[in-house]
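Undergrad: If you scroll down you'll find the structure; I have some questions about it.
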Amino acid sequence: MTLALKMVSRRCVRWRTLAVSLLAGILVLNVFIFVTLPTNRQNEVYMDNDIFSAAAAAASRQRYDSRGISHLQFPRKRLNKSNFTSDSRGGGGGGGGGGGVEDVGDHPPLLLQEQRGRFDPKVGQVEHAGASTQRQAEGQNNGVGGGKGTNSDTSGSAQRANFTDPTVDAFVKTLEDNGLLDVLPGSSLEGENYWDFLKRQRLQRKAGMQLPAYKNYKSTTNWERFHTGIRQHFLYDPDKPVVDAVLSDLTKRNIIDVEQKEGGTQIKLIITYDDEGQALFKPMRYPRETETLPDHFYFADYERHIAEIAAFHLDRVLGFNRVPPVAGRKLNMTHDIRRLAESKLARTFFISPAGNLCFHGSCSYYCDSGHPICGHPDMLEASMMAFLPPEKMAHRQTWRNPWKRSYSKHRKAYWEVYDDLCEKVKKRAPYNKGRRLLDIVDMSVMDFMMGNLDRHHYETFRAFGNDSFIIHLDHGRGFGKAHQDEMSCLAPMLQCCRLRRSTLQRLVRLYRGPYPFSVIVRTALSRDSVNPVLIEPHLEALDRRLVKVLRVLAECAGEEGRTLGDVVVDDGVY
Ligand SMILES: Nc1ncnc2c1ncn2[C@@H]1O[C@H](COP(=O)(O)OP(=O)(O)OP(=O)(O)O)[C@@H](O)[C@H]1O
Ligand SMILES: [Mn+2]
């Protein structure tokens, strides 16, 4: 009996060993297949599992097949928790959250070039304007010098936009014929100053509510006036003098405290002024001519202080008014930073071999002596962005950008491979009603203009609910490549094939002139104390990119089955 039992148990052990070996074999085989079949991995797409369904994948695959672009394998579900509602920064988990840091995890290789969606860099190139496209230089002195206040169209030189395009010209004509360019009676005034045009457009602007905490607030400083002036539909009113006052305070007021900002990837300081106002400081690291390193991904790019300054002015020129005021400032590192710094920051100061005062602070990217921030010998340039109201006065909500990039050196985002993201997004709150989707499109246009690929999250004020503007923050990685136009930034506009009417009117106005977009931006920037903010190639890029935005829209508007009403949307936001 015992012998029989022993035999049975020994046989069991043998079976178990056999089963274990079999399982191990299967595992080894799987690993082998995974490693030796690169196509399976190359076709993986970085996507949000909750917006992705087998049916949609099959439909998309079909579309790409029929265009002969590629045969995409069925993509594996991967990562991201996104449901297009808000989430908290950094806590994304599974690679879905976080900010401008590379996603960690296992990384399949990049998609092959021909397997990409419509965002081949060669697509959408606009040829340099030839003789026929050179703008006529009529009315050179009209509208120069700009309206009231300190804004002005040009710095006096009546240059013309060098880029234009027949497709865009035809599109503009169609818009005009359909009355879509009419702003108010008298809108097509020849030679009207651009700022006056914006002003006239703003007569139709709705403001909405104020932040409740500021309703009966008695502001005593310019910072408080700025906070009190925030409305449901814009961050500031350019017709009020407060923004210029804040710009001046940012540059001139005494600094009384400095601390490092926790979180974020690259060093930032919180500056406190003598009247308790605060600003976010980003230092100059490199000369203005330094471009994004060719082998660096967007998430590894160094931040540029001038991009923060330029983004504020660009946003204002585009008529959005969604970036907090930013000004450049030259600081004395010893007096304005080191003297006031906490010991953790102060300890990172040193004198470089060249005799300059440097520091590196502590953060997760580029905070070491190999990446010092150095003065000349102790004067340092920086951008100063006015702080938004403190959280206790106005809570903000953080949202994941549906068109977020992958933040991985190996993977693509869903929208980079498939064209149907907008179809899914626009069915979901908060994109299914109100202004949000058109705000995302506006933001994509602005990001394209400055080549900003680092738009992972965005914020809104909670008190305003969902029908409120997007606060445009974090532009340190803009203006990195003057000679490359990153068409993929336009994905929201292209995939949704729509643009807010008021935005389109501004773009067309800038396209038509008489003063080129670049001239208007150059003049706006010339008011900053660290002028010239942008070097010429970045300004020239604006004129070129403006044409491309309009051409992409014209082309998708011309696709079969689309009406002008689908593409140009008037949601009453100005
Ligand atoms: N003007 C401001 N007022 C208040 N808070 C701000 C302001 N600007 C930025 N912040 C907050 O600081 C955070 C970090 O700033 P920013 O995004 O510019 O730095 P970053 O290093 O690029 O951060 P990340 O790596 O997380 O993108 C922002 O997401 C925002 O919540
Ligand atoms: Mn960032």
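Chain labels A, B, ... are given in the sequence in which chains occur in the structure tokens; within each chain residues are numbered consecutively from 1, and ligands are likewise numbered from 1 in the order shown.
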Taking only C-alpha atoms and all ligand atoms into account, which residues have an atom no farther than 8 Å from ligand 1? I'd like them as an mmCIF file with N, CA and C atoms, in the first residue's frame.

TA:
data_model
loop_
_atom_site.group_PDB
_atom_site.id
_atom_site.type_symbol
_atom_site.label_atom_id
_atom_site.label_comp_id
_atom_site.auth_asym_id
_atom_site.auth_seq_id
_atom_site.Cartn_x
_atom_site.Cartn_y
_atom_site.Cartn_z
ATOM 1 N N ARG A 89 -1.349 65.924 -12.005
ATOM 2 C CA ARG A 89 -0.028 65.897 -12.601
ATOM 3 C C ARG A 89 0.859 64.912 -11.890
ATOM 4 N N GLY A 90 1.653 64.258 -12.661
ATOM 5 C CA GLY A 90 2.705 63.440 -12.087
ATOM 6 C C GLY A 90 2.215 62.113 -11.536
ATOM 7 N N GLY A 98 2.527 62.289 -15.417
ATOM 8 C CA GLY A 98 3.853 62.899 -15.448
ATOM 9 C C GLY A 98 3.905 64.053 -16.401
ATOM 10 N N GLY A 99 5.031 64.614 -16.515
ATOM 11 C CA GLY A 99 5.145 65.796 -17.342
ATOM 12 C C GLY A 99 6.129 65.595 -18.444
ATOM 13 N N GLY A 100 7.074 66.508 -18.509
ATOM 14 C CA GLY A 100 7.999 66.465 -19.619
ATOM 15 C C GLY A 100 9.143 65.510 -19.410
ATOM 16 N N VAL A 101 8.911 64.428 -18.772
ATOM 17 C CA VAL A 101 9.983 63.459 -18.578
ATOM 18 C C VAL A 101 9.691 62.256 -19.439
ATOM 19 N N LYS A 261 11.281 75.827 -7.185
ATOM 20 C CA LYS A 261 9.942 75.272 -7.301
ATOM 21 C C LYS A 261 10.040 73.758 -7.272
ATOM 22 N N GLY A 263 8.858 69.922 -7.861
ATOM 23 C CA GLY A 263 8.217 69.291 -9.003
ATOM 24 C C GLY A 263 8.738 69.882 -10.295
ATOM 25 N N GLY A 264 8.209 69.431 -11.403
ATOM 26 C CA GLY A 264 8.719 69.909 -12.695
ATOM 27 C C GLY A 264 10.048 69.232 -12.970
ATOM 28 N N THR A 265 10.514 69.375 -14.167
ATOM 29 C CA THR A 265 11.700 68.624 -14.546
ATOM 30 C C THR A 265 12.964 69.457 -14.494
ATOM 31 N N GLN A 266 12.883 70.692 -14.993
ATOM 32 C CA GLN A 266 14.080 71.524 -15.027
ATOM 33 C C GLN A 266 13.964 72.632 -13.987
ATOM 34 N N ILE A 267 15.117 73.205 -13.688
ATOM 35 C CA ILE A 267 15.114 74.177 -12.581
ATOM 36 C C ILE A 267 14.219 75.391 -12.856
ATOM 37 N N LYS A 268 13.452 75.719 -11.846
ATOM 38 C CA LYS A 268 12.624 76.931 -11.872
ATOM 39 C C LYS A 268 12.664 77.522 -10.483
ATOM 40 N N ALA A 279 6.580 85.423 -9.067
ATOM 41 C CA ALA A 279 6.803 85.068 -10.473
ATOM 42 C C ALA A 279 7.566 83.764 -10.571
ATOM 43 N N LEU A 280 7.351 83.089 -11.684
ATOM 44 C CA LEU A 280 8.088 81.861 -11.980
ATOM 45 C C LEU A 280 9.274 82.233 -12.867
ATOM 46 N N GLU A 303 15.033 73.871 -21.646
ATOM 47 C CA GLU A 303 14.052 74.952 -21.719
ATOM 48 C C GLU A 303 14.748 76.273 -22.061
ATOM 49 N N PRO A 324 -0.253 83.861 -18.920
ATOM 50 C CA PRO A 324 0.026 84.891 -17.904
ATOM 51 C C PRO A 324 1.190 85.774 -18.366
ATOM 52 N N PRO A 325 1.184 87.030 -17.947
ATOM 53 C CA PRO A 325 2.255 87.946 -18.394
ATOM 54 C C PRO A 325 3.655 87.402 -18.104
ATOM 55 N N MET A 385 7.495 84.887 -15.140
ATOM 56 C CA MET A 385 6.067 84.777 -15.458
ATOM 57 C C MET A 385 5.246 85.081 -14.215
ATOM 58 N N ALA A 386 4.314 85.996 -14.352
ATOM 59 C CA ALA A 386 3.463 86.344 -13.215
ATOM 60 C C ALA A 386 2.714 85.107 -12.731
ATOM 61 N N PHE A 387 2.658 84.952 -11.446
ATOM 62 C CA PHE A 387 1.926 83.820 -10.886
ATOM 63 C C PHE A 387 0.423 84.001 -11.062
ATOM 64 N N LEU A 388 -0.237 82.874 -11.240
ATOM 65 C CA LEU A 388 -1.698 82.857 -11.231
ATOM 66 C C LEU A 388 -2.149 83.010 -9.778
ATOM 67 N N PRO A 389 -3.435 83.229 -9.519
ATOM 68 C CA PRO A 389 -3.881 83.342 -8.132
ATOM 69 C C PRO A 389 -3.489 82.091 -7.348
ATOM 70 N N PRO A 390 -3.203 82.259 -6.058
ATOM 71 C CA PRO A 390 -2.865 81.081 -5.266
ATOM 72 C C PRO A 390 -4.011 80.072 -5.265
ATOM 73 N N THR A 398 -6.270 70.143 -13.656
ATOM 74 C CA THR A 398 -5.287 69.738 -14.667
ATOM 75 C C THR A 398 -5.905 68.665 -15.553
ATOM 76 N N ASP A 454 5.807 70.002 -26.516
ATOM 77 C CA ASP A 454 5.715 69.567 -25.117
ATOM 78 C C ASP A 454 4.405 70.018 -24.485
ATOM 79 N N HIS A 456 1.742 68.307 -22.753
ATOM 80 C CA HIS A 456 1.190 67.071 -22.192
ATOM 81 C C HIS A 456 -0.095 67.277 -21.401
ATOM 82 N N HIS A 457 -0.140 68.383 -20.664
ATOM 83 C CA HIS A 457 -1.331 68.680 -19.866
ATOM 84 C C HIS A 457 -1.729 70.136 -20.072
ATOM 85 N N TYR A 458 -2.888 70.459 -19.646
ATOM 86 C CA TYR A 458 -3.283 71.868 -19.627
ATOM 87 C C TYR A 458 -4.140 72.094 -18.393
ATOM 88 N N GLU A 459 -4.364 73.355 -18.063
ATOM 89 C CA GLU A 459 -5.102 73.659 -16.832
ATOM 90 C C GLU A 459 -6.253 74.621 -17.098
ATOM 91 N N LEU A 473 0.185 77.451 -20.388
ATOM 92 C CA LEU A 473 1.377 77.519 -19.525
ATOM 93 C C LEU A 473 2.491 76.669 -20.126
ATOM 94 N N ASP A 474 3.704 76.925 -19.667
ATOM 95 C CA ASP A 474 4.823 76.039 -19.969
ATOM 96 C C ASP A 474 5.223 76.002 -21.450
ATOM 97 N N HIS A 475 5.926 77.041 -21.878
ATOM 98 C CA HIS A 475 6.349 77.116 -23.269
ATOM 99 C C HIS A 475 7.865 77.082 -23.430
ATOM 100 N N GLY A 476 8.536 76.638 -22.366
ATOM 101 C CA GLY A 476 10.000 76.651 -22.354
ATOM 102 C C GLY A 476 10.637 75.860 -23.484
#

Undergrad: As a PDB file with C-alpha atoms, in the first residue's frame, please: all residues of range 290-358 of chain A that backbone DSSP puts in strand (DSSP E or B).

TA:
ATOM      1  CA  VAL A 326       5.923  87.110 -18.937  1.00  0.00           C
ATOM      2  CA  ALA A 327       8.848  89.522 -19.073  1.00  0.00           C
ATOM      3  CA  GLY A 328      12.582  89.139 -19.438  1.00  0.00           C
ATOM      4  CA  ARG A 329      14.874  90.430 -16.713  1.00  0.00           C
ATOM      5  CA  LYS A 330      18.586  90.750 -16.155  1.00  0.00           C
ATOM      6  CA  LEU A 331      19.419  89.843 -12.577  1.00  0.00           C
ATOM      7  CA  ASN A 332      22.478  90.220 -10.461  1.00  0.00           C
ATOM      8  CA  PHE A 350      30.183  77.976  -7.662  1.00  0.00           C
ATOM      9  CA  ILE A 351      32.707  79.960  -9.676  1.00  0.00           C
ATOM     10  CA  LEU A 357      29.211  82.751 -11.095  1.00  0.00           C
ATOM     11  CA  CYS A 358      27.144  79.608 -11.750  1.00  0.00           C
TER      12      CYS A 358
END

Undergrad: Which is closer to ligand 2 than all the others in A:Leu550, A:Leu453, A:Ile373, A:Val323, using only C-alpha atoms and all ligand atoms?

TA: A:Leu453

Undergrad: Using only C-alpha atoms and all ligand atoms, find the one residue out of A:His472, A:Arg338, A:Arg522, A:Arg562 that sits nearest to ligand 2.

TA: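 Looking at the shortest contact to ligand 2, the residue is A:His472.
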
Undergrad: Find the distance between CA of Phe281 in chain A and CA of Ser383 in chain A and write it in Å to one decimal.

TA: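 Computing it gives 5.6 Å between the two atoms.
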
Undergrad: Looking at A:Thr221, A:Ser362, A:Ser352, A:Asn321, which one is nearest to Asp439 in chain A, with distances taken over only C-alpha atoms?

TA: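 The closest residue to Asp439 in chain A is A:Asn321.
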
Undergrad: Would you kindly return, as a ChimeraX atom specification, each protein, DNA or RNA residue with an atom no farther than 12 Å from any atom of Ala170 in chain A, considering only C-alpha atoms and excluding same-chain residues fewer than 2 positions away?

TA: /A:164-168,172-177,508,550-551,554-555,557-558

Undergrad: Skip range 245-256 of chain A itself and residues of its chain fewer than 3 positions away, then list as a list in words all residues within 6 Å of it, counting only C-alpha atoms.

TA: Asn222, Val242, Thr272, Tyr273, Asp274, Ala327 and Arg329 of chain A

Undergrad: In terms of the shortest atom-to-atom distance over only C-alpha atoms, which of A:Leu340, A:Ala429, A:Leu510, A:Ile440 is closest to Gln495 in chain A?

TA: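 Distance minimum relative to Gln495 in chain A lands on A:Ile440.
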
Undergrad: Tell me which of A:Ala207, A:Val183, A:Ala307, A:Leu198 sits closest to Asp467 in chain A, counting only C-alpha atoms.

TA: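 Among the listed residues, A:Ala207 lies closest to Asp467 in chain A.
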
Undergrad: Would you mind telling me which residue in A:Pro492, A:Gly319, A:Gly361, A:Gly561 lies nearest to Gln201 in chain A when using only C-alpha atoms?

TA: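 Result for the nearest residue to Gln201 in chain A: A:Gly319.
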
Undergrad: For Asn178 in chain A, list every protein, DNA or RNA residue within 12 Å, evaluated using only C-alpha atoms, and leave out those in the same chain fewer than 6 positions away; present the list as a list in words.

TA: Phe171, Val172, Thr563, Leu564, Gly565 and Val568 of chain A

Undergrad: For Leu553 in chain A, please output as a list of chain:residue names all residues within 7 Å (counting only C-alpha atoms; exclusion window: fewer than 4 positions along the same chain).

TA: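 In the requested format, the answer is A:Leu494, A:Cys497, A:Val549, A:Ala557.
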
Undergrad: Separation of CA of Trp223 in chain A and CA of Ile470 in chain A, in Å?

TA: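 According to the coordinates, CA of Trp223 in chain A and CA of Ile470 in chain A are separated by 20.1 Å.
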
Undergrad: For a test of reading the model, state the distance in Å between CA of Glu192 in chain A and CA of Arg512 in chain A, rounded to one decimal.

TA: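 Rounded to one decimal, the two atoms are 11.3 Å apart.
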